[in-house]
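This report concerns only the one structure given below.
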Amino acid sequence: MLILGIETSCDETACALVRDGREVLSNVVASQVDIHKVTNGVVPEVAARAHVGQVQAVFEKCKIESKIKGEFWDEVDAIAVTVRPGLLTSLIVGCSFASSLAWIFDKPLIPMNHIKGHIFSNWLGCEKGEIKFPVMVLTVSGGHNDLVLVKSERELEVVGETLDDAAGEAFDKVAKMLGLAYPGGPEISRLALEGDPLEFDLPRPMIDSGDFNFSFSGLKTAVLREVYGLEGDLRYADLAASFQAAAVDVLTTKLVAAAKKYKVAEIHLAGGVSANKVLRAEIASRCGNDFVFRHPKDFNYCTDNAAMIAGAAYFEDKSIWVEPGMSVSPSTDMRVN
Ligand code: KG4
Ligand code: ZN
């Protein structure tokens with residue numbers, strides 16, 4: 001089954017074509033990073049306007065790069081589009097574009113959850129049956145931070161979530177405190193390479209809480225206190241490394257504990273923060289031979305993209321499909337399922 005995916009939930013305009021939830025034929029992302037660098041963060045209206053300007057061209061490029069022989073629309077079975085969660089004005093652009101295509105070309109729509117997309121980003125590039133269940137997924141980005149038990153492609157259970165900030169948001173805010181550019185995650189990890197992670201003794205919030213929930217606002221505040229204390233003493237690389245080490249410690253500890261409790265076969269890392277090499281290395285080392293560890297096969301599948309949306313849509317029950325001629329709108333429902 002060939003699914004066209006459309007993703008505009010935040011600041012990436014993306015279209016992709018994916019076969020059977022695993023084989024990526026094309027994956028095009030137009031990043032708005034340069035636009036949002038000016039304001040050191042995303043301004044929703046600005047993001048939405050940029051989506052309007054980009055979405056048609058991104059779709060055309062996706063169509064060309066897919067190298068579909070014959071008539072494109074004869075091959076496409078359905079159009080998947082992110083309807084939640086995300087910035088409302090950004091979601092509207094993707095939903096309207098997808099609904100127009102569905103109406104013109106008489107295709108069903110599949111309304112998709114963005115977090116589910118991240119979860120299924122680890123299926124991209126895999127063979128059928130390669131992934132063994134159950135799987136414990138840590139999906140962590142700027143907007144969300146969840147531990148999800150995946151018992152099968154249709155049975156997902158959230159076993160932990162953040163009570164305040166997501167880890168990616170903490171990376172972005174700490175980067176701002178250290179005067180680094182947006183988005184902060186890659187900047188922090190770059191600066192941390194030059195620093196000593198043992199230099200600052202930062203808290204590991206909720207590491208021993210006994211549940212699988214997270215909290216990163218206290219860690220953020222602890223970094224802010226250190227920044228005030230530094231005044232002129234530029235040990236920013238040490239602070240970046242120490243912050244990253246604290247965040248990685250909490251994320252890895254909870255992930256491995258959840259994997260053990262639920263006796264899973266595999267551990268997966270997903271979401272924008274899954275691009276972090278220190279986090280990947282720490283999880284790999286603490287997994288040992290106990291679990292198969294996967295992260296997205298391509299860095300382009302870590303941060304927001306449409307391949308993960310088209311991929312995840314393949315595994316949805318057809319009862320959620322919207323019949324040709326009908327449209328979809330953004331939803332404020334925050335549940336993963
Ligand atoms: O999945 P994503 O593109 O958007 C959301 O769904 O939020 O994730 C973006 C987040 C940002 O917070 C960004 O700073 C973070 O992922 N990120 C990273 C790295 N690359 C991106 N965080 C830590 N280390 C990285 N290398
Ligand atoms: Zn995302």
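Residues are referred to by chain and number: the chain letter is A, B, ... according to the order shown in the structure tokens, the number counts from 1 in that chain, and ligands are numbered separately from 1 in the order shown.
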Would you tabulate, counting only C-alpha atoms and all ligand atoms, all residues of chain A that have an atom at most 6 Å from an atom of ligand 1, showing the closest pair of atoms and their distance in Å to one decimal, sorted by chain then ascending number, as a tab-separated table?
residue	atom	partner	partner_atom_place_in_ligand_line	distance
A:Ser141	CA	ligand 1	8 (O)	4.0
A:Gly142	CA	ligand 1	7 (O)	3.4
A:Gly143	CA	ligand 1	7 (O)	4.1
A:Gly168	CA	ligand 1	12 (O)	3.5
A:Glu169	CA	ligand 1	12 (O)	4.8
A:Phe171	CA	ligand 1	14 (O)	5.6
A:Asp172	CA	ligand 1	14 (O)	5.1
A:Pro183	CA	ligand 1	14 (O)	4.8
A:Gly184	CA	ligand 1	14 (O)	4.5
A:Gly185	CA	ligand 1	14 (O)	3.3
A:Pro186	CA	ligand 1	26 (N)	4.0
A:Ser189	CA	ligand 1	24 (N)	5.6
A:Gly271	CA	ligand 1	1 (O)	4.4
A:Gly272	CA	ligand 1	8 (O)	3.3
A:Val273	CA	ligand 1	22 (N)	3.8
A:Ala275	CA	ligand 1	26 (N)	4.6
A:Asn276	CA	ligand 1	26 (N)	3.7
A:Thr303	CA	ligand 1	3 (O)	3.4
A:Asp304	CA	ligand 1	3 (O)	4.0
(request) Please give the complete set of residues from region 43-279 of chain A that DSSP, run on the backbone, assigns to alpha helix (DSSP H), formatted as a VMD selection string. (result) chain A and resid 44 to 65 72 to 75 88 to 105 114 to 119 167 to 177 184 to 192 217 to 230 236 to 261 277 to 279
(message) Considering only strand (DSSP E or B) as DSSP defines it on the backbone, what residues of region 87-310 of chain A qualify? List them as a VMD selection string.
(response) chain A and resid 109 to 113 135 to 140 145 to 152 155 to 162 214 266 to 270 292 to 294
(request) For each of A:His144, A:Lys254, A:Arg22, A:Lys277, take the minimum atom-to-atom distance to Arg204 (chain A), counting only C-alpha atoms, then give the residue where this is smallest. (result)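 Under the stated criterion, the closest residue is A:Lys254.
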(request) Write out as a list in words each polymer residue whose atoms come within 6 Å of Leu91 (chain A), counting only C-alpha atoms; drop sequence neighbours fewer than 3 positions from it. (result) Thr8, Ser9, Leu88, Gly94 and Pro330 of chain A
Based on the selection just made, write N, CA and C atoms of those residues as a PDB file, in the first residue's frame.
ATOM      1  N   THR A   8       2.845  19.161   8.951  1.00  0.00           N
ATOM      2  CA  THR A   8       3.109  20.602   9.133  1.00  0.00           C
ATOM      3  C   THR A   8       2.798  21.003  10.578  1.00  0.00           C
ATOM      4  N   SER A   9       3.055  20.105  11.546  1.00  0.00           N
ATOM      5  CA  SER A   9       2.560  20.393  12.901  1.00  0.00           C
ATOM      6  C   SER A   9       3.327  21.496  13.632  1.00  0.00           C
ATOM      7  N   LEU A  88      -1.776  24.968  16.246  1.00  0.00           N
ATOM      8  CA  LEU A  88      -3.053  24.930  15.529  1.00  0.00           C
ATOM      9  C   LEU A  88      -2.958  25.533  14.123  1.00  0.00           C
ATOM     10  N   GLY A  94      -1.527  21.992   6.781  1.00  0.00           N
ATOM     11  CA  GLY A  94      -1.387  20.609   6.303  1.00  0.00           C
ATOM     12  C   GLY A  94      -2.743  19.958   6.082  1.00  0.00           C
ATOM     13  N   PRO A 330      -7.673  20.049  12.270  1.00  0.00           N
ATOM     14  CA  PRO A 330      -6.811  19.792  13.431  1.00  0.00           C
ATOM     15  C   PRO A 330      -7.648  19.409  14.645  1.00  0.00           C
TER      16      PRO A 330
END
(message) Using only C-alpha atoms and all ligand atoms for the distances, tell me which of A:Leu230, A:Leu156, A:Leu87, A:Ala175 is nearest to ligand 2.
(response)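 Closest to ligand 2 of all the choices is A:Leu87.
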(request) Identify, on the basis of only C-alpha atoms, every residue whose closest approach to Gly195 (chain A) does not exceed 8 Å; exclude the query and any residue fewer than 2 positions from it along the same chain; express the result as a ChimeraX atom specification. (result) /A:191-193,197,236-242
